[in-house]
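J.: File name coords16.tsv; file contents TSV, C-alpha atoms; full text below.
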```
chain	number	residue	atom	x	y	z
Y	1	MET	CA	24.84	13.53	31.14
Y	2	GLN	CA	26.30	17.04	30.81
Y	3	ASN	CA	23.50	18.09	28.46
Y	4	LYS	CA	21.08	20.67	29.75
Y	5	PRO	CA	17.48	19.46	29.91
Y	6	GLU	CA	16.36	21.88	27.17
Y	7	SER	CA	18.91	20.54	24.67
Y	8	THR	CA	18.22	16.81	24.91
Y	9	PRO	CA	20.13	15.08	22.14
Y	10	ILE	CA	18.07	13.67	19.28
Y	11	TYR	CA	18.80	10.18	17.99
Y	12	SER	CA	17.59	8.84	14.67
Y	13	GLY	CA	17.80	5.20	15.79
Y	14	PRO	CA	14.04	4.93	16.53
Y	15	VAL	CA	13.29	6.07	12.96
Y	16	VAL	CA	15.40	3.25	11.53
Y	17	ALA	CA	13.81	0.80	14.00
Y	18	ALA	CA	10.27	1.82	12.97
Y	19	SER	CA	11.05	1.51	9.26
Y	20	LEU	CA	13.34	-1.54	9.22
Y	21	SER	CA	10.73	-3.53	11.16
Y	22	LEU	CA	8.29	-2.69	8.37
Y	23	LEU	CA	10.62	-4.04	5.71
Y	24	LEU	CA	10.93	-7.28	7.70
Y	25	ALA	CA	7.15	-7.50	8.06
Y	26	PHE	CA	6.56	-7.00	4.33
Y	27	MET	CA	9.26	-9.56	3.60
Y	28	THR	CA	7.55	-12.03	5.94
Y	29	LEU	CA	4.31	-11.42	4.08
Y	30	MET	CA	6.02	-12.11	0.77
Y	31	ILE	CA	7.96	-15.20	1.87
Y	32	SER	CA	4.99	-16.79	3.65
Y	33	HIS	CA	2.82	-16.09	0.60
Y	34	HIS	CA	5.24	-17.85	-1.73
Y	35	ILE	CA	5.70	-20.76	0.68
Y	36	SER	CA	1.94	-21.25	0.95
Y	37	ARG	CA	1.67	-21.57	-2.83
Y	38	LEU	CA	4.13	-24.45	-3.05
Y	39	SER	CA	1.93	-27.24	-1.67
Y	40	PRO	CA	-1.43	-27.76	0.11
Y	41	GLY	CA	0.46	-28.94	3.23
Y	42	LEU	CA	2.51	-25.75	3.41
Y	43	ASP	CA	-0.62	-23.68	2.78
Y	44	LYS	CA	-2.28	-25.38	5.76
Y	45	LEU	CA	0.78	-24.74	7.91
Y	46	ILE	CA	0.76	-21.01	7.10
Y	47	HIS	CA	-3.03	-20.93	7.47
Y	48	SER	CA	-2.85	-22.40	10.99
Y	49	TYR	CA	-1.16	-19.25	12.34
Y	50	GLY	CA	-4.22	-17.23	11.36
Y	51	TYR	CA	-7.00	-19.33	12.86
Y	52	TRP	CA	-7.49	-16.70	15.60
Y	53	ILE	CA	-8.74	-14.17	13.02
Y	54	PRO	CA	-12.54	-14.26	12.63
Y	55	GLY	CA	-13.44	-15.44	9.15
Y	56	SER	CA	-10.12	-17.20	8.57
Y	57	THR	CA	-11.86	-20.50	7.91
Y	58	GLY	CA	-15.12	-21.44	6.31
Y	59	LYS	CA	-16.70	-22.23	2.98
Y	60	GLY	CA	-19.88	-21.32	1.15
Y	61	PRO	CA	-20.96	-17.97	-0.32
Y	62	ASP	CA	-19.68	-15.99	2.68
Y	63	GLY	CA	-16.20	-17.45	2.15
Y	64	SER	CA	-13.14	-16.91	4.32
Y	65	ILE	CA	-9.76	-15.25	3.94
Y	66	GLY	CA	-7.97	-18.61	4.16
Y	67	SER	CA	-4.18	-18.69	4.54
Y	68	TYR	CA	-4.06	-14.91	4.03
Y	69	SER	CA	-4.87	-14.77	7.77
Y	70	GLY	CA	-1.71	-16.75	8.61
Y	71	LYS	CA	0.45	-14.53	6.42
Y	72	GLU	CA	-0.97	-11.43	8.13
Y	73	THR	CA	-0.40	-12.92	11.58
Y	74	LEU	CA	3.23	-13.82	10.87
Y	75	ALA	CA	3.89	-10.38	9.36
Y	76	LEU	CA	2.22	-8.67	12.32
Y	77	ALA	CA	4.30	-10.68	14.81
Y	78	VAL	CA	7.58	-9.96	12.99
Y	79	TRP	CA	6.68	-6.27	12.64
Y	80	LEU	CA	5.83	-5.60	16.28
Y	81	ALA	CA	8.54	-7.82	17.81
Y	82	SER	CA	11.33	-6.46	15.61
Y	83	TRP	CA	10.16	-2.86	16.10
Y	84	LEU	CA	10.31	-3.29	19.86
Y	85	ILE	CA	13.73	-4.96	19.80
Y	86	PHE	CA	15.32	-2.48	17.34
Y	87	HIS	CA	13.82	0.46	19.18
Y	88	PHE	CA	15.43	-0.52	22.47
Y	89	LEU	CA	18.70	-1.38	20.77
Y	90	TRP	CA	18.99	1.87	18.82
Y	91	ARG	CA	17.11	4.45	20.87
Y	92	ARG	CA	20.41	6.13	21.85
Y	93	GLN	CA	22.10	5.83	18.46
Y	94	ASP	CA	22.27	8.37	15.71
Y	95	LEU	CA	22.24	6.60	12.35
Y	96	SER	CA	22.53	8.20	8.92
Y	97	LEU	CA	19.03	8.66	7.56
Y	98	GLU	CA	20.40	9.82	4.22
Y	99	VAL	CA	21.92	6.41	3.60
Y	100	TRP	CA	19.02	4.56	5.23
Y	101	SER	CA	16.25	6.29	3.28
Y	102	ARG	CA	17.86	5.31	-0.04
Y	103	PHE	CA	18.19	1.71	1.05
Y	104	TYR	CA	14.66	1.77	2.45
Y	105	VAL	CA	13.00	2.97	-0.75
Y	106	ILE	CA	14.95	0.54	-2.94
Y	107	ALA	CA	14.25	-2.40	-0.60
Y	108	LEU	CA	10.56	-1.51	-0.48
Y	109	ILE	CA	10.35	-1.46	-4.29
Y	110	ALA	CA	12.18	-4.81	-4.46
Y	111	ILE	CA	9.80	-6.40	-1.94
Y	112	THR	CA	6.82	-4.97	-3.81
Y	113	LEU	CA	8.02	-6.56	-7.05
Y	114	GLY	CA	8.22	-9.84	-5.13
Y	115	PHE	CA	4.42	-9.86	-5.08
Y	116	PHE	CA	4.24	-9.57	-8.86
Y	117	HIS	CA	3.85	-13.19	-9.85
Y	118	PRO	CA	5.12	-13.12	-13.45
Y	119	LEU	CA	8.39	-11.80	-12.03
Y	120	SER	CA	8.63	-13.65	-8.73
Y	121	ASP	CA	7.32	-17.13	-9.63
Y	122	PRO	CA	10.36	-18.27	-11.66
Y	123	ILE	CA	12.66	-17.14	-8.82
Y	124	VAL	CA	10.52	-18.86	-6.17
Y	125	LEU	CA	10.40	-22.12	-8.12
Y	126	PHE	CA	14.16	-21.94	-8.67
Y	127	ILE	CA	14.81	-21.55	-4.93
Y	128	ALA	CA	12.16	-24.15	-3.99
Y	129	GLY	CA	13.95	-26.62	-6.30
Y	130	PHE	CA	16.91	-26.64	-3.90
Y	131	PHE	CA	14.61	-27.87	-1.14
Y	132	GLY	CA	13.08	-30.53	-3.33
Y	133	LEU	CA	9.73	-28.75	-3.32
Y	134	PRO	CA	7.43	-28.77	-6.34
W	1	MET	CA	-4.25	23.70	7.72
W	2	SER	CA	-1.08	25.53	6.70
W	3	THR	CA	0.83	23.64	4.03
W	4	GLY	CA	3.97	25.77	4.27
W	5	VAL	CA	5.03	29.39	4.08
W	6	PHE	CA	2.78	30.32	1.17
W	7	LEU	CA	-0.45	31.89	2.40
W	8	HIS	CA	-3.66	32.19	0.42
W	9	ASP	CA	-5.88	35.26	0.66
W	10	HIS	CA	-9.47	35.05	1.86
W	11	PHE	CA	-11.00	34.52	-1.59
W	12	GLY	CA	-8.45	31.82	-2.42
W	13	LYS	CA	-9.28	29.96	0.78
W	14	ILE	CA	-13.02	30.02	0.06
W	15	MET	CA	-12.42	28.77	-3.48
W	16	ILE	CA	-10.12	25.94	-2.37
W	17	ARG	CA	-12.35	24.83	0.49
W	18	SER	CA	-15.49	24.88	-1.65
W	19	GLN	CA	-13.75	22.83	-4.31
W	20	ILE	CA	-12.55	20.32	-1.71
W	21	GLY	CA	-16.02	20.12	-0.14
W	22	ILE	CA	-17.82	19.54	-3.45
W	23	ALA	CA	-15.24	17.07	-4.75
W	24	ALA	CA	-15.12	15.09	-1.49
W	25	THR	CA	-18.92	14.85	-1.27
W	26	LEU	CA	-19.30	13.70	-4.86
W	27	LEU	CA	-16.41	11.27	-4.50
W	28	LEU	CA	-17.96	9.82	-1.34
W	29	LEU	CA	-21.21	9.16	-3.20
W	30	LEU	CA	-19.32	6.67	-5.36
W	31	PRO	CA	-18.68	4.11	-2.58
W	32	ALA	CA	-21.67	5.19	-0.46
W	33	ALA	CA	-23.91	3.95	-3.30
W	34	ASN	CA	-22.63	0.44	-2.46
W	35	PHE	CA	-24.84	0.49	0.64
W	36	PHE	CA	-27.88	0.38	-1.63
W	37	TYR	CA	-26.69	-2.22	-4.14
W	38	PRO	CA	-28.86	-5.34	-4.40
W	39	THR	CA	-26.49	-7.76	-2.66
W	40	GLU	CA	-26.25	-9.35	0.76
W	41	TYR	CA	-22.77	-7.87	1.08
W	42	SER	CA	-23.73	-4.22	0.55
W	43	LEU	CA	-22.76	-3.20	4.10
W	44	LYS	CA	-19.26	-4.73	3.84
W	45	ALA	CA	-18.75	-3.28	0.37
W	46	GLY	CA	-19.98	0.16	1.45
W	47	ILE	CA	-17.74	0.33	4.53
W	48	HIS	CA	-14.68	-0.76	2.57
W	49	GLY	CA	-15.41	1.69	-0.24
W	50	VAL	CA	-16.00	4.64	2.08
W	51	SER	CA	-12.88	3.96	4.16
W	52	ALA	CA	-10.83	3.56	0.97
W	53	ILE	CA	-12.03	6.86	-0.51
W	54	LEU	CA	-11.50	8.71	2.78
W	55	SER	CA	-7.99	7.23	3.04
W	56	ILE	CA	-7.28	8.47	-0.47
W	57	VAL	CA	-8.58	11.97	0.30
W	58	VAL	CA	-6.62	12.34	3.55
W	59	GLY	CA	-3.55	10.56	2.10
W	60	THR	CA	-3.53	12.88	-0.91
W	61	TYR	CA	-3.85	15.94	1.31
W	62	LEU	CA	-0.91	14.61	3.34
W	63	THR	CA	1.28	14.37	0.24
W	64	HIS	CA	1.02	18.17	0.15
W	65	ARG	CA	2.11	18.29	3.77
W	66	ALA	CA	5.04	16.04	2.83
W	67	ILE	CA	6.56	18.64	0.50
W	68	PRO	CA	7.52	21.18	3.22
W	69	LEU	CA	8.80	18.27	5.32
W	70	ILE	CA	11.10	17.12	2.53
W	71	LYS	CA	12.20	20.65	1.63
W	72	ASP	CA	12.94	21.68	5.22
W	73	MET	CA	10.24	24.35	5.31
W	74	PRO	CA	8.44	25.24	8.56
W	75	VAL	CA	5.57	22.91	9.45
W	76	HIS	CA	2.79	23.04	12.01
W	77	LEU	CA	3.75	19.89	13.91
W	78	GLU	CA	0.60	19.59	16.04
W	79	SER	CA	-1.65	19.71	13.00
W	80	LEU	CA	0.61	17.34	11.05
W	81	ARG	CA	0.44	14.80	13.89
W	82	ARG	CA	-3.35	14.90	13.97
W	83	TRP	CA	-3.63	14.42	10.20
W	84	LEU	CA	-1.15	11.54	10.31
W	85	LEU	CA	-3.14	9.92	13.09
W	86	ALA	CA	-6.39	10.37	11.14
W	87	ALA	CA	-4.79	8.87	8.01
W	88	THR	CA	-3.46	5.93	10.06
W	89	LEU	CA	-6.89	5.16	11.49
W	90	LEU	CA	-8.57	5.44	8.08
W	91	ASN	CA	-5.98	3.13	6.52
W	92	LEU	CA	-6.53	0.66	9.35
W	93	ALA	CA	-10.28	0.80	8.71
W	94	GLY	CA	-9.56	0.19	5.02
W	95	ALA	CA	-7.39	-2.84	5.80
W	96	ILE	CA	-9.83	-4.39	8.26
W	97	SER	CA	-12.86	-3.83	6.02
W	98	GLY	CA	-10.77	-5.10	3.12
W	99	ASN	CA	-10.23	-8.37	5.00
W	100	TRP	CA	-13.96	-8.50	5.65
W	101	ILE	CA	-15.03	-8.07	2.03
W	102	TYR	CA	-12.18	-10.34	0.84
W	103	MET	CA	-14.05	-13.25	2.48
W	104	ARG	CA	-16.94	-12.83	0.07
W	105	TYR	CA	-14.53	-12.25	-2.82
W	106	ARG	CA	-13.20	-15.77	-2.18
W	107	GLY	CA	-16.62	-17.22	-1.36
W	108	GLN	CA	-18.62	-19.70	-3.40
W	109	ASN	CA	-19.68	-18.10	-6.71
W	110	GLY	CA	-17.99	-14.92	-5.56
W	111	PRO	CA	-15.98	-12.52	-7.71
W	112	ARG	CA	-12.87	-14.74	-7.59
W	113	ASP	CA	-14.68	-17.74	-9.08
W	114	TRP	CA	-16.17	-15.61	-11.81
W	115	ILE	CA	-12.91	-13.82	-12.63
W	116	LEU	CA	-10.93	-17.09	-12.71
W	117	GLU	CA	-13.42	-18.44	-15.19
W	118	GLN	CA	-13.62	-15.39	-17.43
W	119	VAL	CA	-10.37	-13.41	-17.15
W	120	PRO	CA	-7.95	-15.30	-14.84
W	121	PHE	CA	-5.19	-12.72	-15.28
W	122	PHE	CA	-7.12	-10.21	-13.17
W	123	HIS	CA	-7.08	-12.58	-10.20
W	124	ASN	CA	-3.77	-14.37	-10.71
W	125	VAL	CA	-1.72	-11.25	-11.22
W	126	LEU	CA	-3.68	-8.13	-10.25
W	127	MET	CA	-5.55	-9.37	-7.17
W	128	GLU	CA	-2.64	-11.48	-5.91
W	129	PHE	CA	-0.56	-8.28	-6.02
W	130	LYS	CA	-3.25	-5.92	-4.72
W	131	GLU	CA	-4.22	-7.94	-1.67
W	132	PHE	CA	-0.70	-7.59	-0.28
W	133	VAL	CA	0.37	-4.09	-1.29
W	134	SER	CA	-2.96	-2.83	0.08
W	135	LEU	CA	-1.68	-3.87	3.51
W	136	PHE	CA	1.31	-1.50	3.18
W	137	PRO	CA	-0.28	1.97	3.61
W	138	PHE	CA	-1.51	1.43	7.18
W	139	PRO	CA	1.79	0.42	8.82
W	140	LEU	CA	3.71	2.96	6.73
W	141	MET	CA	1.37	5.74	7.86
W	142	LEU	CA	1.54	4.44	11.43
W	143	SER	CA	5.34	4.61	11.36
W	144	ALA	CA	5.17	8.23	10.09
W	145	ALA	CA	2.66	9.09	12.84
W	146	ALA	CA	4.70	7.32	15.52
W	147	ILE	CA	7.88	9.16	14.49
W	148	SER	CA	6.06	12.52	14.50
W	149	TYR	CA	4.75	11.87	18.02
W	150	TYR	CA	8.01	10.40	19.35
W	151	TYR	CA	10.14	13.44	18.57
W	152	GLY	CA	9.64	17.02	19.66
W	153	PRO	CA	10.44	19.37	16.81
W	154	LEU	CA	11.52	17.16	13.90
W	155	ARG	CA	15.20	17.40	12.98
W	156	ARG	CA	15.73	18.05	9.27
W	157	ASP	CA	16.69	14.48	8.29
W	158	ILE	CA	13.86	13.01	10.41
W	159	ALA	CA	11.30	15.42	8.90
W	160	ARG	CA	12.52	14.39	5.44
W	161	PHE	CA	12.10	10.73	6.31
W	162	VAL	CA	8.54	11.33	7.53
W	163	GLY	CA	7.81	13.12	4.24
W	164	ILE	CA	9.22	10.22	2.21
W	165	THR	CA	7.19	7.73	4.27
W	166	ILE	CA	3.98	9.68	3.58
W	167	LEU	CA	4.69	9.62	-0.17
W	168	LEU	CA	5.43	5.87	-0.06
W	169	SER	CA	2.25	5.14	1.88
W	170	TRP	CA	0.21	7.18	-0.59
W	171	SER	CA	1.75	5.40	-3.59
W	172	PHE	CA	0.70	1.98	-2.27
W	173	LEU	CA	-2.67	3.37	-1.25
W	174	LEU	CA	-3.31	4.70	-4.74
W	175	PHE	CA	-2.26	1.45	-6.35
W	176	GLY	CA	-4.48	-0.62	-4.06
W	177	PHE	CA	-7.36	1.78	-4.66
W	178	VAL	CA	-7.13	1.65	-8.44
W	179	ALA	CA	-6.71	-2.14	-8.47
W	180	GLY	CA	-9.68	-2.49	-6.13
W	181	LEU	CA	-11.77	-0.24	-8.35
W	182	ILE	CA	-10.85	-2.28	-11.45
W	183	LEU	CA	-11.79	-5.53	-9.71
W	184	THR	CA	-15.04	-4.22	-8.30
W	185	LYS	CA	-16.01	-2.89	-11.73
W	186	LEU	CA	-15.21	-6.27	-13.22
W	187	ARG	CA	-17.34	-8.24	-10.77
W	188	PHE	CA	-19.13	-6.82	-7.77
W	189	VAL	CA	-19.62	-8.86	-4.59
```
In structure tokens, how does this file's structure come out?
T.:
Amino acid sequence: MQNKPESTPIYSGPVVAASLSLLLAFMTLMISHHISRLSPGLDKLIHSYGYWIPGSTGKGPDGSIGSYSGKETLALAVWLASWLIFHFLWRRQDLSLEVWSRFYVIALIAITLGFFHPLSDPIVLFIAGFFGLP
Amino acid sequence: MSTGVFLHDHFGKIMIRSQIGIAATLLLLLPAANFFYPTEYSLKAGIHGVSAILSIVVGTYLTHRAIPLIKDMPVHLESLRRWLLAATLLNLAGAISGNWIYMRYRGQNGPRDWILEQVPFFHNVLMEFKEFVSLFPFPLMLSAAAISYYYGPLRRDIARFVGITILLSWSFLLFGFVAGLILTKLRFV
């Protein structure tokens, strides 16, 4: 309150909000992708979230993007909702970007590797085994 | 278009701009040729190719703008914001057109069917990876643009983070581009 208008304090919270929400979105993309591969029923469930996207269903030469639409929708929803929430939570907080950027880059690489099937499939099947899924 | 404190002389500028102009035009011919390919999907393929190449060109230019951001050198914020916005829109166009052409990729007797029959690895590993990481550059670039617009002058640590985000976005963009090029060379829509 005692700050002069020309020296408004700067908070790094919104930076963390913008980037953390992205990590959550990419993670949603990865998890929903692996879930959809476990069974046709789960694929249909994931697919159903994306029916609003034109070209999400259909057969023939023109094809469709299938359950990819559902994965995109879920990721989009998580991204925008979490960005909004984190932004309002942290807009007046100054967080260490030095620590965060290291975590961010490492987490992003880890999530990326999660899309590399030779590496991720054994882990997914191991986890799915606990839930009695094929 | 300042990239930092180093300034080129007049001759240097002409040389650099001519090189950029020639290279960009020739590079654009590569996907623009898709518009004339004998397929019903030439429009979709052309739009995706052109937006991908333009994203690569602008994204690569932005990696040069990222260096002064990371090294705490003076930057022209207004110009940086506009370039980030342009890159965001181009990446969005790439993602949307990618979704559009992906429909035919998965269509009956489309590239996926052919690849699964001939060389399944390219679909099962490369495409399954590419289709997702290609979605990364747009939101990453959007976050960099949003941060640059949200703050006034960028504090050092924030500028650094924007620079890192640009480099990350470009890395995914380049990977998606190369993977897309490999797949399209393997079997065109």
J.: What are the closest atom pairs, with distances in Å to one decimal, for all residues of chain Y lying within 8 Å of chain W? Consider all atoms listed in the file, order rows by chain and residue number, and present the result as JSON lines.
T.:
```
{"residue": "Y:Ile10", "atom": "CA", "partner": "W:Arg155", "partner_atom": "CA", "distance": 7.9}
{"residue": "Y:Ser12", "atom": "CA", "partner": "W:Ile158", "partner_atom": "CA", "distance": 7.0}
{"residue": "Y:Pro14", "atom": "CA", "partner": "W:Ile147", "partner_atom": "CA", "distance": 7.7}
{"residue": "Y:Val15", "atom": "CA", "partner": "W:Ile147", "partner_atom": "CA", "distance": 6.4}
{"residue": "Y:Ala18", "atom": "CA", "partner": "W:Ser143", "partner_atom": "CA", "distance": 5.9}
{"residue": "Y:Ser19", "atom": "CA", "partner": "W:Ser143", "partner_atom": "CA", "distance": 6.8}
{"residue": "Y:Leu22", "atom": "CA", "partner": "W:Pro139", "partner_atom": "CA", "distance": 7.2}
{"residue": "Y:Phe26", "atom": "CA", "partner": "W:Phe136", "partner_atom": "CA", "distance": 7.7}
{"residue": "Y:Leu29", "atom": "CA", "partner": "W:Phe132", "partner_atom": "CA", "distance": 7.7}
{"residue": "Y:Gly55", "atom": "CA", "partner": "W:Met103", "partner_atom": "CA", "distance": 7.0}
{"residue": "Y:Lys59", "atom": "CA", "partner": "W:Gly107", "partner_atom": "CA", "distance": 6.6}
{"residue": "Y:Gly60", "atom": "CA", "partner": "W:Gln108", "partner_atom": "CA", "distance": 5.0}
{"residue": "Y:Pro61", "atom": "CA", "partner": "W:Gln108", "partner_atom": "CA", "distance": 4.2}
{"residue": "Y:Asp62", "atom": "CA", "partner": "W:Arg104", "partner_atom": "CA", "distance": 4.9}
{"residue": "Y:Gly63", "atom": "CA", "partner": "W:Gly107", "partner_atom": "CA", "distance": 3.5}
{"residue": "Y:Ser64", "atom": "CA", "partner": "W:Met103", "partner_atom": "CA", "distance": 4.2}
{"residue": "Y:Ile65", "atom": "CA", "partner": "W:Met103", "partner_atom": "CA", "distance": 5.0}
{"residue": "Y:Leu97", "atom": "CA", "partner": "W:Asp157", "partner_atom": "CA", "distance": 6.3}
{"residue": "Y:Glu98", "atom": "CA", "partner": "W:Asp157", "partner_atom": "CA", "distance": 7.2}
{"residue": "Y:Ser101", "atom": "CA", "partner": "W:Phe161", "partner_atom": "CA", "distance": 6.8}
{"residue": "Y:Thr112", "atom": "CA", "partner": "W:Val133", "partner_atom": "CA", "distance": 7.0}
{"residue": "Y:Phe115", "atom": "CA", "partner": "W:Phe129", "partner_atom": "CA", "distance": 5.3}
{"residue": "Y:Phe116", "atom": "CA", "partner": "W:Phe129", "partner_atom": "CA", "distance": 5.7}
{"residue": "Y:His117", "atom": "CA", "partner": "W:Val125", "partner_atom": "CA", "distance": 6.1}
{"residue": "Y:Pro118", "atom": "CA", "partner": "W:Val125", "partner_atom": "CA", "distance": 7.4}
```
J.: Quick one: residues within 12 Å of W:Ala32, all atoms listed in the file, excluding same-chain residues fewer than 4 positions away - as a list in words?
T.: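 Counting all atoms listed in the file, the residues come to Ala24, Thr25, Leu26, Leu27, Leu28, Phe36, Tyr37, Ser42, Leu43, Lys44, Ala45, Gly46, Ile47, His48, Gly49, Val50, Ser51, Ala52, Ile53 and Leu54 of chain W.
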J.: For atom CA of W:Ile67 and atom CA of W:Gly163, quote the distance in Å rounded to one decimal.
T.: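 If I compute the distance from atom CA of W:Ile67 to atom CA of W:Gly163, I get 6.8 Å.
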J.: Need to verify the contact set: Y:Ala128, 12 Å, all atoms listed in the file, exclusion of same-chain residues closer than 4 positions in sequence. Can you return it as a ChimeraX atom specification?
T.: /Y:31,34-39,121-124,132-134
J.: Could you write out that same residue set with C-alpha atoms as a short mmCIF file (atom, residue, chain, number, x, y, z; two decimals), in the coordinates of the input?
T.:
```cif
data_model
loop_
_atom_site.label_atom_id
_atom_site.label_comp_id
_atom_site.auth_asym_id
_atom_site.auth_seq_id
_atom_site.Cartn_x
_atom_site.Cartn_y
_atom_site.Cartn_z
CA ILE Y 31 7.96 -15.20 1.87
CA HIS Y 34 5.24 -17.85 -1.73
CA ILE Y 35 5.70 -20.76 0.68
CA SER Y 36 1.94 -21.25 0.95
CA ARG Y 37 1.67 -21.57 -2.83
CA LEU Y 38 4.13 -24.45 -3.05
CA SER Y 39 1.93 -27.24 -1.67
CA ASP Y 121 7.32 -17.13 -9.63
CA PRO Y 122 10.36 -18.27 -11.66
CA ILE Y 123 12.66 -17.14 -8.82
CA VAL Y 124 10.52 -18.86 -6.17
CA GLY Y 132 13.08 -30.53 -3.33
CA LEU Y 133 9.73 -28.75 -3.32
CA PRO Y 134 7.43 -28.77 -6.34
#
```
J.: Would you work out the distance separating atom CA of W:Val75 from atom CA of Y:Ser96, expressed in Å to one decimal?
T.: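 Those two atoms sit 22.5 Å apart.
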J.: Any chance you could work out the axis-aligned box around stretch 114-120 of chain Y, listed atoms only, 4 Å on each side, giving centre and edge lengths in Å to one decimal, as AutoDock Vina command-line options?
T.:
```
--center_x 6.2 --center_y -11.6 --center_z -9.3 --size_x 12.8 --size_y 12.1 --size_z 16.4
```
J.: Between atom CA of Y:Tyr11 and atom CA of Y:His87, what is the distance in Å, rounded to a tenth?
T.: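 Going from atom CA of Y:Tyr11 over to atom CA of Y:His87, I get 11.0 Å.
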J.: Excluding Y:Leu74 and residues on its chain fewer than 2 positions from it, collect all residues at most 12 Å away from it, counting all atoms listed in the file, and give them as a VMD selection string.
T.: chain Y and resid 24 to 33 45 to 51 67 to 72 76 to 82
J.: Would you mind exporting the chosen residues as a PDB file, keeping the file's coordinate frame, restricted to C-alpha atoms?
T.:
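Output (again37.pdb):
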```pdb
ATOM      1  CA  LEU Y  24      10.930  -7.280   7.700  1.00  0.00           C
ATOM      2  CA  ALA Y  25       7.150  -7.500   8.060  1.00  0.00           C
ATOM      3  CA  PHE Y  26       6.560  -7.000   4.330  1.00  0.00           C
ATOM      4  CA  MET Y  27       9.260  -9.560   3.600  1.00  0.00           C
ATOM      5  CA  THR Y  28       7.550 -12.030   5.940  1.00  0.00           C
ATOM      6  CA  LEU Y  29       4.310 -11.420   4.080  1.00  0.00           C
ATOM      7  CA  MET Y  30       6.020 -12.110   0.770  1.00  0.00           C
ATOM      8  CA  ILE Y  31       7.960 -15.200   1.870  1.00  0.00           C
ATOM      9  CA  SER Y  32       4.990 -16.790   3.650  1.00  0.00           C
ATOM     10  CA  HIS Y  33       2.820 -16.090   0.600  1.00  0.00           C
ATOM     11  CA  LEU Y  45       0.780 -24.740   7.910  1.00  0.00           C
ATOM     12  CA  ILE Y  46       0.760 -21.010   7.100  1.00  0.00           C
ATOM     13  CA  HIS Y  47      -3.030 -20.930   7.470  1.00  0.00           C
ATOM     14  CA  SER Y  48      -2.850 -22.400  10.990  1.00  0.00           C
ATOM     15  CA  TYR Y  49      -1.160 -19.250  12.340  1.00  0.00           C
ATOM     16  CA  GLY Y  50      -4.220 -17.230  11.360  1.00  0.00           C
ATOM     17  CA  TYR Y  51      -7.000 -19.330  12.860  1.00  0.00           C
ATOM     18  CA  SER Y  67      -4.180 -18.690   4.540  1.00  0.00           C
ATOM     19  CA  TYR Y  68      -4.060 -14.910   4.030  1.00  0.00           C
ATOM     20  CA  SER Y  69      -4.870 -14.770   7.770  1.00  0.00           C
ATOM     21  CA  GLY Y  70      -1.710 -16.750   8.610  1.00  0.00           C
ATOM     22  CA  LYS Y  71       0.450 -14.530   6.420  1.00  0.00           C
ATOM     23  CA  GLU Y  72      -0.970 -11.430   8.130  1.00  0.00           C
ATOM     24  CA  LEU Y  76       2.220  -8.670  12.320  1.00  0.00           C
ATOM     25  CA  ALA Y  77       4.300 -10.680  14.810  1.00  0.00           C
ATOM     26  CA  VAL Y  78       7.580  -9.960  12.990  1.00  0.00           C
ATOM     27  CA  TRP Y  79       6.680  -6.270  12.640  1.00  0.00           C
ATOM     28  CA  LEU Y  80       5.830  -5.600  16.280  1.00  0.00           C
ATOM     29  CA  ALA Y  81       8.540  -7.820  17.810  1.00  0.00           C
ATOM     30  CA  SER Y  82      11.330  -6.460  15.610  1.00  0.00           C
TER      31      SER Y  82
END
```
